[in-house]
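Q: Provided herewith is a single structure, encoded as structure tokens, for subsequent inquiry.
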Amino acid sequence: MSRIEWSDEYLLGIPEIDLQHKKLLSLANDLYDVIAGDDERFKIQMSIVLKKLTDYTVYHFQSEEKFMELHGYSGVAVHKMAHDSFVKEVTNQIKVLGEGNKESAAKFYSFIVNWVLTHIAKADRIWASFVKA
């Protein structure tokens, strides 16, 4: 497991959304830092980072969905279902992390990073291409 480094290959060419994606990955890296950090402060720091991560994720998803609606993207409902499914999974995993340890947190970090990067590379590229066309 290692920190995720931003790469311009993740850019969609929509500055507002690209900045939000960078922020999302930065928050994921904050999660990584907590996992790699002090054992005694793990649970407190974990709860702070998870709150920031979930709040920002919800904000980003709502922003993205509004952007798609504004530009008349017909696949917004399907895209929203993917977002909702992710939020549900994150909520379930956070409940487990409340009693968890660094190993379960590391698995959660990997899940977050993999999902976000795959989502950007596939689903977000589709609507971004539509909007830019």
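Quick note on naming: the chains in the structure tokens go A, B, ... in the order shown, residues restart at 1 in each chain, and ligands are numbered from 1 in order of appearance.
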So that I can check the surroundings of Phe86 of chain A, please list as JSON, numbers by chain every protein, DNA and RNA residue that reaches within 12 Å of it, counting only C-alpha atoms and ignoring chain neighbours fewer than 3 positions away.

A: {"A": [54, 57, 58, 61, 79, 80, 81, 82, 83, 89, 90, 91, 92, 93, 111, 112, 113, 114, 115, 116, 119]}

Q: Let me make sure I understand: among A:Ile126, A:Leu53, A:Val34, A:Ala121, which one has the smallest atom-to-atom distance to Tyr10 of chain A if we use only C-alpha atoms?

A: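 With only C-alpha atoms as the atom set, the closest residue is A:Ala121.
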